Amino acid sequence: MAKETMRAVNQAEQNASDTVQQAKDEGEALRREAAAKGEQLVHAAVKEAKKRAEILYGVAKADGEKRKAAIQREAVEEQERLRAQAQSRQGQVAREAERIVLGHPRRR
């Protein structure tokens, strides 16, 4: 009976050892799988972030171009307004220059 008990104990120890090794192997497999899945998720997140950044860049660039065009239009309009104003005052400026050069008294 002692021999059978020893065999049973040895078998139980072997079963326990096999179970522990199997658990370690399964745990390692789960860690590898989790690491691979994590890498996939990070890759997907980076890809999505790049895509969103490209979209935002495109929108910002378009907005910038619209703003640039508006500022250029405003500048051209201001130049035209100043030219018209200068042209409308050209006669007055000529009279004032003549008065200064010739020394004529100021007319009111």
# chains A, B, ... in the order shown; residues from 1 in each chain; ligands from 1
>>> closest_atom_pairs(of="segment 9-61 of chain A", to="segment 2-5 of chain A", cutoff="10 Å", atoms="only C-alpha atoms", output="JSON lines")
{"residue": "A:Val9", "atom": "CA", "partner": "A:Thr5", "partner_atom": "CA", "distance": 6.0}
{"residue": "A:Asn10", "atom": "CA", "partner": "A:Thr5", "partner_atom": "CA", "distance": 8.4}
{"residue": "A:Gln11", "atom": "CA", "partner": "A:Thr5", "partner_atom": "CA", "distance": 9.6}
